[in-house]
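Okay, my_file34.cif now, which holds mmCIF, C-alpha atoms and all ligand atoms:
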```
data_structure
loop_
_atom_site.label_atom_id
_atom_site.label_comp_id
_atom_site.auth_asym_id
_atom_site.auth_seq_id
_atom_site.Cartn_x
_atom_site.Cartn_y
_atom_site.Cartn_z
CA MET S 1 75.11 51.84 85.38
CA ILE S 2 78.72 52.93 85.80
CA PRO S 3 81.31 51.78 88.37
CA VAL S 4 82.02 53.89 91.46
CA ALA S 5 85.46 54.97 90.20
CA GLU S 6 84.01 56.21 86.91
CA ALA S 7 81.22 58.05 88.71
CA LEU S 8 83.87 59.81 90.80
CA ASP S 9 85.84 60.76 87.69
CA ARG S 10 82.72 62.19 86.08
CA LEU S 11 81.91 64.10 89.26
CA PHE S 12 85.40 65.61 89.35
CA ALA S 13 84.98 66.62 85.69
CA LEU S 14 81.95 68.69 86.78
CA THR S 15 83.80 70.28 89.70
CA THR S 16 85.64 73.58 89.70
CA PRO S 17 87.63 74.92 92.66
CA CYS S 18 85.97 77.83 94.45
CA GLY S 19 87.51 81.29 94.42
CA ILE S 20 89.90 82.67 97.01
CA GLU S 21 89.03 85.05 99.85
CA GLU S 22 91.03 86.50 102.71
CA VAL S 23 90.02 85.87 106.31
CA PRO S 24 91.48 87.02 109.62
CA LEU S 25 93.67 84.49 111.37
CA GLN S 26 90.99 83.71 113.98
CA GLU S 27 88.65 82.55 111.18
CA ALA S 28 91.19 80.41 109.32
CA SER S 29 91.04 77.11 111.23
CA GLY S 30 89.09 74.52 109.25
CA ARG S 31 89.62 76.49 106.04
CA VAL S 32 91.85 75.48 103.12
CA LEU S 33 94.95 77.57 102.56
CA ALA S 34 94.79 78.63 98.92
CA ALA S 35 98.31 80.00 98.36
CA PRO S 36 101.65 79.30 100.07
CA LEU S 37 102.51 81.66 102.89
CA ARG S 38 106.01 82.92 103.59
CA SER S 39 107.28 84.11 106.94
CA SER S 40 108.79 87.57 106.95
CA ARG S 41 110.80 86.99 110.12
CA ALA S 42 112.82 84.42 112.04
CA GLN S 43 111.74 82.77 115.26
CA PRO S 44 113.28 83.37 117.66
CA PRO S 45 114.49 86.64 116.13
CA PHE S 46 117.56 86.61 118.44
CA PRO S 47 119.46 83.88 120.32
CA ALA S 48 117.09 83.22 123.22
CA SER S 49 117.41 81.53 126.57
CA ALA S 50 115.52 78.26 126.93
CA MET S 51 115.58 78.35 130.75
CA ASP S 52 115.74 80.57 133.80
CA GLY S 53 119.36 80.87 134.93
CA TYR S 54 122.58 82.79 134.30
CA ALA S 55 124.24 83.62 131.01
CA VAL S 56 128.02 83.11 131.09
CA VAL S 57 130.95 82.78 128.70
CA SER S 58 131.90 79.37 130.06
CA GLY S 59 131.76 77.55 133.37
CA LYS S 60 132.77 74.44 135.30
CA PRO S 61 131.82 73.23 138.78
CA GLY S 62 133.02 75.55 141.52
CA ASP S 63 133.50 78.61 139.23
CA MET S 64 132.37 81.93 140.69
CA PHE S 65 130.81 84.85 138.80
CA ARG S 66 129.66 88.37 139.56
CA VAL S 67 126.08 89.09 138.45
CA ILE S 68 126.23 92.28 136.37
CA GLY S 69 122.64 92.65 135.21
CA GLU S 70 119.48 91.01 134.01
CA SER S 71 117.91 89.97 130.68
CA ALA S 72 114.18 89.31 130.82
CA ALA S 73 111.69 88.44 128.05
CA GLY S 74 111.01 91.72 126.28
CA HIS S 75 113.90 93.53 128.04
CA ARG S 76 117.37 92.64 126.88
CA PHE S 77 120.58 93.30 128.79
CA ASP S 78 122.38 96.11 126.98
CA GLY S 79 125.98 95.07 127.15
CA SER S 80 128.12 92.00 126.88
CA VAL S 81 129.26 89.34 129.32
CA GLY S 82 132.94 88.81 129.99
CA ALA S 83 134.94 86.18 131.85
CA GLY S 84 133.95 85.99 135.52
CA GLU S 85 130.66 87.76 134.80
CA ALA S 86 127.10 86.44 134.67
CA VAL S 87 123.78 87.96 133.57
CA ARG S 88 120.61 86.82 135.30
CA ILE S 89 118.38 85.58 132.46
CA PHE S 90 114.86 84.24 132.01
CA THR S 91 113.16 81.98 129.46
CA GLY S 92 112.64 83.74 126.14
CA ALA S 93 115.04 86.59 126.94
CA PRO S 94 117.77 87.61 124.47
CA VAL S 95 121.13 86.01 125.33
CA PRO S 96 123.65 88.83 125.93
CA ALA S 97 126.60 89.22 123.59
CA GLY S 98 129.56 87.13 124.67
CA ALA S 99 127.55 84.45 126.47
CA THR S 100 127.79 80.91 125.10
CA ARG S 101 125.68 79.02 127.62
CA ILE S 102 123.00 79.40 130.25
CA ILE S 103 123.64 77.81 133.63
CA ILE S 104 120.20 76.83 134.90
CA GLN S 105 119.34 78.36 138.25
CA GLU S 106 119.10 74.90 139.86
CA ASP S 107 122.87 74.49 139.25
CA VAL S 108 123.81 77.74 141.00
CA ILE S 109 124.29 78.90 144.59
CA ARG S 110 123.62 82.63 144.83
CA ASP S 111 124.94 84.93 147.49
CA GLY S 112 124.21 88.62 146.88
CA ASP S 113 125.65 89.46 143.47
CA GLN S 114 127.90 86.37 143.51
CA ILE S 115 127.03 82.95 142.08
CA THR S 116 128.95 79.69 142.47
CA LEU S 117 128.36 76.76 140.14
CA ARG S 118 127.36 73.47 141.79
CA ASP S 119 129.14 70.13 141.32
CA GLN S 120 126.80 68.51 138.81
CA LEU S 121 126.41 70.87 135.83
CA ASP S 122 123.91 70.18 133.10
CA SER S 123 125.84 70.03 129.80
CA SER S 124 123.23 71.68 127.53
CA THR S 125 123.80 75.31 126.50
CA TYR S 126 120.07 76.17 126.82
CA ILE S 127 120.42 78.69 124.01
CA ARG S 128 117.97 78.63 121.10
CA PRO S 129 119.83 80.14 118.13
CA ALA S 130 117.99 82.76 116.06
CA GLY S 131 115.73 81.05 113.51
CA THR S 132 115.68 77.69 115.31
CA ASP S 133 111.93 77.39 114.80
CA PHE S 134 111.68 78.99 111.36
CA GLY S 135 113.70 81.35 109.23
CA PRO S 136 112.63 84.50 107.37
CA ASP S 137 111.96 82.46 104.21
CA SER S 138 110.11 79.53 105.75
CA GLU S 139 106.98 78.59 103.83
CA ILE S 140 103.65 76.98 104.68
CA PRO S 141 102.72 75.03 101.56
CA ALA S 142 99.29 75.14 99.91
CA PRO S 143 96.78 73.68 99.52
CA ARG S 144 96.46 72.69 103.14
CA LEU S 145 93.49 72.17 105.44
CA LEU S 146 94.38 74.45 108.33
CA GLY S 147 94.07 73.38 111.95
CA PRO S 148 94.85 74.99 115.31
CA ASN S 149 98.57 74.17 115.09
CA ASP S 150 98.84 75.92 111.72
CA ILE S 151 97.11 78.96 113.19
CA ALA S 152 99.70 79.14 115.99
CA LEU S 153 102.53 78.89 113.46
CA MET S 154 101.03 81.57 111.20
CA ALA S 155 100.56 83.86 114.18
CA ALA S 156 104.23 83.38 115.13
CA MET S 157 105.12 84.26 111.52
CA ASN S 158 103.14 87.49 111.91
CA ILE S 159 100.58 86.49 109.31
CA ALA S 160 97.31 88.22 110.26
CA ARG S 161 95.23 87.57 107.16
CA VAL S 162 95.01 84.25 105.36
CA PRO S 163 94.05 83.49 101.74
CA VAL S 164 91.60 80.59 101.80
CA ARG S 165 89.20 78.94 99.40
CA ARG S 166 85.67 80.26 99.61
CA ARG S 167 83.36 77.74 101.26
CA PRO S 168 81.31 75.99 98.57
CA ILE S 169 77.63 76.86 98.95
CA VAL S 170 75.52 73.71 98.85
CA ALA S 171 71.73 73.82 98.50
CA LEU S 172 70.05 70.77 100.04
CA ILE S 173 66.62 69.84 98.71
CA SER S 174 64.60 67.06 100.32
CA THR S 175 61.81 65.63 98.21
CA GLY S 176 58.76 63.71 99.30
CA ASP S 177 55.10 64.09 100.26
CA GLU S 178 55.79 61.97 103.35
CA LEU S 179 58.45 64.22 104.92
CA VAL S 180 58.21 66.68 107.79
CA MET S 181 60.97 68.59 109.56
CA PRO S 182 62.44 67.40 112.89
CA GLY S 183 60.38 68.91 115.70
CA GLU S 184 57.19 69.02 113.66
CA GLN S 185 54.19 66.78 114.35
CA PRO S 186 54.10 64.08 111.64
CA GLY S 187 50.76 62.86 110.28
CA PRO S 188 49.98 59.12 110.38
CA ASP S 189 51.67 58.47 107.01
CA GLN S 190 54.59 60.79 107.49
CA ILE S 191 58.21 60.41 108.58
CA ILE S 192 60.87 62.88 109.59
CA VAL S 193 63.50 64.22 107.19
CA SER S 194 66.70 62.61 108.42
CA ASN S 195 69.48 62.18 105.89
CA THR S 196 69.22 65.84 104.81
CA PHE S 197 70.29 66.81 108.32
CA GLY S 198 73.04 64.18 108.28
CA LEU S 199 74.29 65.59 104.99
CA HIS S 200 74.06 69.13 106.37
CA ALA S 201 76.33 68.08 109.25
CA LEU S 202 78.71 66.26 106.91
CA LEU S 203 78.94 69.31 104.65
CA ARG S 204 79.69 71.61 107.56
CA ASP S 205 82.40 69.27 108.79
CA LEU S 206 83.90 69.25 105.29
CA GLY S 207 84.12 73.06 105.26
CA ALA S 208 81.16 73.76 102.97
CA GLU S 209 78.29 76.16 103.59
CA PRO S 210 75.13 74.06 103.41
CA ARG S 211 71.70 75.68 102.99
CA LEU S 212 68.54 73.77 103.80
CA LEU S 213 65.84 74.59 101.26
CA PRO S 214 62.16 73.88 101.91
CA ILE S 215 61.01 70.31 101.33
CA ALA S 216 59.84 69.81 97.75
CA ARG S 217 56.67 67.77 97.40
CA ASP S 218 56.27 65.01 94.86
CA ASN S 219 54.83 67.19 92.11
CA VAL S 220 56.36 69.14 89.29
CA ASP S 221 55.24 72.56 90.51
CA SER S 222 56.63 72.11 93.98
CA LEU S 223 59.98 70.90 92.62
CA ARG S 224 60.15 73.85 90.21
CA ILE S 225 59.46 76.28 93.03
CA VAL S 226 62.15 74.83 95.29
CA PHE S 227 64.73 74.65 92.48
CA GLY S 228 63.88 78.31 91.91
CA LEU S 229 65.17 79.09 95.41
CA VAL S 230 68.65 77.73 94.74
CA GLU S 231 70.19 81.12 93.86
CA ASP S 232 73.99 81.19 93.91
CA ALA S 233 74.80 77.64 95.04
CA ASP S 234 77.94 75.92 93.77
CA LEU S 235 76.33 72.53 94.28
CA VAL S 236 72.67 71.55 94.40
CA ILE S 237 71.94 68.27 96.14
CA THR S 238 68.51 66.70 95.89
CA ILE S 239 67.57 63.80 98.10
CA GLY S 240 65.04 61.21 97.05
CA GLY S 241 62.84 61.00 94.00
CA ALA S 242 65.83 59.91 91.96
CA SER S 243 64.78 56.44 90.89
CA VAL S 244 62.27 55.98 88.10
CA GLY S 245 59.04 55.32 90.01
CA ASP S 246 55.88 57.29 89.31
CA HIS S 247 56.75 59.81 91.99
CA ASP S 248 60.41 60.23 91.06
CA LEU S 249 60.26 63.51 89.28
CA VAL S 250 63.63 65.04 90.14
CA ALA S 251 65.43 63.97 86.96
CA ASP S 252 62.52 65.22 84.78
CA VAL S 253 62.24 68.61 86.44
CA ALA S 254 66.02 69.07 86.57
CA ALA S 255 66.21 68.29 82.83
CA GLU S 256 63.41 70.75 82.14
CA LEU S 257 65.42 73.37 84.04
CA GLY S 258 68.44 72.73 81.85
CA MET S 259 70.40 70.08 83.71
CA GLU S 260 72.93 68.37 81.46
CA GLN S 261 73.06 64.92 82.93
CA SER S 262 76.46 63.24 83.24
CA PHE S 263 75.24 59.94 84.65
CA HIS S 264 72.26 58.34 86.34
CA LYS S 265 72.86 55.12 88.30
CA VAL S 266 76.04 53.78 89.81
CA ALA S 267 76.90 50.10 90.31
CA MET S 268 77.01 50.28 94.08
CA ARG S 269 75.12 49.23 97.18
CA PRO S 270 73.61 51.21 98.74
CA GLY S 271 73.17 54.21 96.46
CA LYS S 272 72.45 52.91 92.97
CA PRO S 273 70.12 55.74 91.84
CA LEU S 274 72.76 58.48 92.10
CA MET S 275 72.77 61.06 89.34
CA SER S 276 74.80 64.11 88.53
CA GLY S 277 75.15 66.84 85.98
CA ARG S 278 75.58 70.53 85.45
CA MET S 279 72.75 73.00 85.92
CA GLY S 280 73.67 76.50 84.81
CA SER S 281 76.59 77.64 86.92
CA ALA S 282 76.01 74.95 89.54
CA MET S 283 76.81 71.31 89.76
CA MET S 284 73.94 69.03 90.67
CA MET S 285 73.92 65.71 92.49
CA GLY S 286 70.75 63.71 92.96
CA LEU S 287 71.09 61.38 95.92
CA PRO S 288 68.85 58.42 96.67
CA GLY S 289 66.28 58.99 99.41
CA ASN S 290 66.88 55.93 101.52
CA PRO S 291 68.56 57.36 104.58
CA VAL S 292 71.64 55.12 104.60
CA SER S 293 72.04 55.33 100.82
CA ALA S 294 72.06 59.11 101.00
CA MET S 295 74.63 59.15 103.81
CA VAL S 296 76.88 56.58 102.13
CA CYS S 297 76.74 58.62 98.91
CA GLY S 298 77.62 61.60 101.08
CA HIS S 299 80.77 59.91 102.37
CA VAL S 300 81.77 58.29 99.07
CA PHE S 301 80.85 61.03 96.56
CA VAL S 302 79.87 64.34 98.16
CA ALA S 303 82.90 64.47 100.47
CA PRO S 304 85.53 64.18 97.69
CA VAL S 305 83.56 66.63 95.52
CA ILE S 306 83.65 69.21 98.31
CA ARG S 307 87.36 68.58 98.85
CA ALA S 308 87.94 69.15 95.12
CA MET S 309 85.92 72.40 95.28
CA LEU S 310 88.12 73.44 98.19
CA GLY S 311 91.19 72.94 96.02
CA LEU S 312 92.36 69.83 97.87
CA GLY S 313 92.59 67.78 94.67
CA ALA S 314 90.42 65.28 92.86
CA ALA S 315 90.77 62.00 94.71
CA ALA S 316 88.54 59.40 96.33
CA MET S 317 88.40 59.55 100.12
CA PRO S 318 91.37 57.67 101.56
CA THR S 319 90.66 54.08 102.53
CA MET S 320 92.52 51.84 104.97
CA GLN S 321 93.14 48.12 105.28
CA VAL S 322 92.48 45.83 108.20
CA PRO S 323 91.75 42.14 108.82
CA LEU S 324 88.21 40.86 109.16
CA ALA S 325 87.21 39.80 112.67
CA ALA S 326 84.26 37.79 111.31
CA PRO S 327 83.56 36.15 107.93
CA VAL S 328 81.39 37.81 105.24
CA GLY S 329 79.43 36.19 102.41
CA ALA S 330 80.08 36.62 98.69
CA ASN S 331 79.22 39.97 97.08
CA GLY S 332 77.01 40.49 94.03
CA PRO S 333 77.74 42.52 90.88
CA ARG S 334 77.72 45.97 92.58
CA GLU S 335 80.41 47.48 94.82
CA HIS S 336 79.06 47.12 98.35
CA TYR S 337 79.74 49.57 101.17
CA MET S 338 78.85 47.45 104.19
CA ARG S 339 78.19 49.09 107.52
CA ALA S 340 80.79 47.66 109.87
CA VAL S 341 82.38 48.11 113.26
CA LEU S 342 86.16 48.27 113.55
CA GLY S 343 87.20 46.87 116.92
CA PRO S 344 90.53 45.74 118.39
CA ASP S 345 90.37 42.41 116.48
CA GLY S 346 89.38 43.92 113.14
CA LEU S 347 86.25 44.59 111.10
CA VAL S 348 82.87 43.04 111.75
CA ALA S 349 80.15 43.71 109.15
CA ALA S 350 76.73 44.46 110.62
CA GLU S 351 74.24 41.63 110.28
CA ARG S 352 71.52 43.86 108.84
CA GLN S 353 72.56 45.85 105.75
CA ASP S 354 69.19 47.27 104.66
CA SER S 355 69.63 50.83 103.35
CA SER S 356 66.85 52.20 105.55
CA LEU S 357 68.58 51.40 108.86
CA LEU S 358 70.06 54.56 110.33
CA SER S 359 70.50 52.85 113.70
CA VAL S 360 72.93 50.39 112.09
CA LEU S 361 74.80 53.23 110.34
CA GLY S 362 74.91 55.13 113.62
CA ALA S 363 76.54 52.17 115.38
CA ALA S 364 79.08 51.69 112.55
CA ASN S 365 82.47 53.38 112.41
CA ALA S 366 83.54 51.99 109.03
CA LEU S 367 82.23 51.08 105.61
CA LEU S 368 83.68 47.72 104.57
CA ILE S 369 84.26 47.94 100.81
CA ARG S 370 83.41 44.85 98.78
CA PRO S 371 84.41 44.98 95.10
CA PRO S 372 81.92 43.59 92.57
CA HIS S 373 81.80 39.76 92.76
CA ASP S 374 84.11 39.68 95.77
CA PRO S 375 84.05 36.05 97.00
CA ALA S 376 83.14 35.06 100.56
CA ARG S 377 85.87 36.15 102.97
CA GLU S 378 87.16 34.49 106.12
CA THR S 379 88.21 35.95 109.44
CA GLY S 380 91.74 37.33 109.14
CA GLU S 381 91.54 38.30 105.47
CA ILE S 382 92.69 41.86 104.80
CA MET S 383 89.92 44.14 103.55
CA ARG S 384 89.64 47.76 102.53
CA TYR S 385 87.38 50.13 104.44
CA LEU S 386 86.37 53.77 104.56
CA PRO S 387 86.56 55.18 108.10
CA LEU S 388 83.41 56.97 109.21
P1 LIG C 1 62.74 57.98 97.21
O1 LIG C 1 64.14 57.97 96.65
O2 LIG C 1 62.12 59.33 97.16
O3 LIG C 1 61.91 56.92 96.54
O4 LIG C 1 62.86 57.60 98.74
C1 LIG C 1 63.29 56.32 99.17
C2 LIG C 1 62.98 56.15 100.64
O5 LIG C 1 63.71 57.11 101.35
C3 LIG C 1 61.53 56.37 101.02
O6 LIG C 1 61.24 55.45 102.05
C4 LIG C 1 61.48 57.79 101.53
O7 LIG C 1 60.46 57.97 102.47
C5 LIG C 1 62.84 57.90 102.17
N1 LIG C 1 63.35 59.29 102.15
C6 LIG C 1 63.43 60.07 101.06
N2 LIG C 1 63.97 61.26 101.37
C7 LIG C 1 64.24 61.22 102.69
C8 LIG C 1 64.79 62.13 103.61
N3 LIG C 1 65.24 63.35 103.21
N4 LIG C 1 64.93 61.76 104.90
C9 LIG C 1 64.52 60.53 105.28
N5 LIG C 1 63.98 59.62 104.47
C10 LIG C 1 63.83 59.95 103.18
MG MG C 2 60.36 60.14 97.46
#
```
Starting from the file, give its structure as structure tokens.
Amino acid sequence: MIPVAEALDRLFALTTPCGIEEVPLQEASGRVLAAPLRSSRAQPPFPASAMDGYAVVSGKPGDMFRVIGESAAGHRFDGSVGAGEAVRIFTGAPVPAGATRIIIQEDVIRDGDQITLRDQLDSSTYIRPAGTDFGPDSEIPAPRLLGPNDIALMAAMNIARVPVRRRPIVALISTGDELVMPGEQPGPDQIIVSNTFGLHALLRDLGAEPRLLPIARDNVDSLRIVFGLVEDADLVITIGGASVGDHDLVADVAAELGMEQSFHKVAMRPGKPLMSGRMGSAMMMGLPGNPVSAMVCGHVFVAPVIRAMLGLGAAAMPTMQVPLAAPVGANGPREHYMRAVLGPDGLVAAERQDSSLLSVLGAANALLIRPPHDPARETGEIMRYLPL
């Protein structure tokens, strides 16, 4: 049995970043930028008006100007403004040569082609100098998980195609004679595959491309057949059959198919029978079958592995600290990821911590992390947790 931190290190040692592909801008949100991007232009490309009003050289209350033309967005005024002259201007329009400020239209009385400035003038110039937002050499650094705001910025920079990491392909294999798919009619001794679907959702959220393989039954032939369907996956995840009971055949069949095992068993709760290794060109992770164990291993181990494959670096998922809102008892020798609810007063660990209870996991929004042999803790003590 190895500690969680060592298991993570060994997982990262098995991980290689995926290759790079180019996608159109509309497909880039949620992807990881693989190389820095440089703008080829400035924004705005010219001094631009920030308001609707009149462009003038200078002005004080009571000054009068003759309106000599108009500058609209997309249609500049060809000419310059001199003393006693004003150009009608709109937001986003190029500021005409000679003008140093925009008098907003609210501060102006207009009469034909004459304007008079009102008593209370706003002091701002309302001119956005060229390159205020970004210059021609501005850079978006990589790696970076792109979101809608990045997409808007890249569009403004005139970047139409984006180099991103290929989504890691993850084959998900459920194992068990007792399992049927959601929507099917279970027999009297059967249950529904659950954590595989939870992991599928987690993987999609992480930016991977999960593939659900058929359920492998608890016999060597069935496992061989399903492993044979893996094809070009970057990561193969099996669920269940990973402890050493009579029906836990995953490790045996994986070894027979050439898996070089890196570890088997981690000193944690839930999730002890986690294993990993390399299988041909793919990485393999064997997750425990208990629904909560599998999901916790998903959050603690699969998520950082996917982030590493996406080029986001090899690091544990970020944890946070918060006071306890209720006491917890002493922990045993394994690191414990307790299902907990973070409320306004702090963390409360769920009363029932059995690793089969998906309803408790579903109600939790945090995993309270208890180091090995952590003593009993009182309300108010600061604890580390993993947000869910
Ligand atoms: P195992 O690791 O195969 O011994 O499974 C441990 C427990 O988890 C058993 O109660 C299984 O029925 C259950 N289990 C295994 N795989 C799944 C799955 N994909 N979805 C839901 N429950 C599962
Ligand atoms: Mg099983």
Requested in this report: To one decimal in Å, tell me the separation between CA of Ala156 in chain S and CA of Pro24 in chain S.
Outcome: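 These atoms are spaced 14.4 Å apart.
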Query raised in the report: Can you tell me, as a ChimeraX atom specification, what residues are no more than 7 Å from Pro141 in chain S when counting all atoms listed in the file, ignoring any on the same chain fewer than 3 positions away?
Result: /S:36-37,144
Query - Gap from CA of Pro44 in chain S to CA of Lys60 in chain S - Å, one decimal - result: 27.8 Å
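With distances restricted to only C-alpha atoms and all ligand atoms, S:Glu178 is the closest residue to ligand LIG 1 (chain C) from S:Glu178, S:Asp122, S:Glu106, S:Asp354.
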Could you pull out every residue with an atom within 12 Å of (117.2, 77.1, 127.6), file coordinates, counting all atoms listed in the file, and send them as an mmCIF file with C-alpha atoms, in the coordinates of the input?
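Dumped everything to point.cif:
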```cif
data_model
loop_
_atom_site.group_PDB
_atom_site.id
_atom_site.type_symbol
_atom_site.label_atom_id
_atom_site.label_comp_id
_atom_site.auth_asym_id
_atom_site.auth_seq_id
_atom_site.Cartn_x
_atom_site.Cartn_y
_atom_site.Cartn_z
ATOM 1 C CA PRO S 47 119.460 83.880 120.320
ATOM 2 C CA ALA S 48 117.090 83.220 123.220
ATOM 3 C CA SER S 49 117.410 81.530 126.570
ATOM 4 C CA ALA S 50 115.520 78.260 126.930
ATOM 5 C CA MET S 51 115.580 78.350 130.750
ATOM 6 C CA ASP S 52 115.740 80.570 133.800
ATOM 7 C CA GLY S 53 119.360 80.870 134.930
ATOM 8 C CA TYR S 54 122.580 82.790 134.300
ATOM 9 C CA ALA S 55 124.240 83.620 131.010
ATOM 10 C CA ILE S 89 118.380 85.580 132.460
ATOM 11 C CA PHE S 90 114.860 84.240 132.010
ATOM 12 C CA THR S 91 113.160 81.980 129.460
ATOM 13 C CA GLY S 92 112.640 83.740 126.140
ATOM 14 C CA ALA S 93 115.040 86.590 126.940
ATOM 15 C CA PRO S 94 117.770 87.610 124.470
ATOM 16 C CA VAL S 95 121.130 86.010 125.330
ATOM 17 C CA THR S 100 127.790 80.910 125.100
ATOM 18 C CA ARG S 101 125.680 79.020 127.620
ATOM 19 C CA ILE S 102 123.000 79.400 130.250
ATOM 20 C CA ILE S 103 123.640 77.810 133.630
ATOM 21 C CA ILE S 104 120.200 76.830 134.900
ATOM 22 C CA GLN S 105 119.340 78.360 138.250
ATOM 23 C CA ASP S 122 123.910 70.180 133.100
ATOM 24 C CA SER S 123 125.840 70.030 129.800
ATOM 25 C CA SER S 124 123.230 71.680 127.530
ATOM 26 C CA THR S 125 123.800 75.310 126.500
ATOM 27 C CA TYR S 126 120.070 76.170 126.820
ATOM 28 C CA ILE S 127 120.420 78.690 124.010
ATOM 29 C CA ARG S 128 117.970 78.630 121.100
ATOM 30 C CA PRO S 129 119.830 80.140 118.130
#
```
Requested in this report: Please indicate the distance in Å from CA of Pro323 in chain S to CA of Val300 in chain S, rounded to one decimal place.
Outcome: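 Pair CA of Pro323 in chain S / CA of Val300 in chain S returns 21.3 Å.
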Requested in this report: Please give me, as a ChimeraX atom specification, the residues lying within 10 Å of ligand LIG 1 (chain C) when counting only C-alpha atoms and all ligand atoms.
Outcome: /S:172-181,189-199,215,218,238-250,271,273-274,286-294,355-356,358
Report task. Tell me which protein, DNA and RNA residues are within 9 Å of Gly19 in chain S, counting only C-alpha atoms, leaving out same-chain ones fewer than 3 positions away, and put them as a count of residues only. Result -> 6
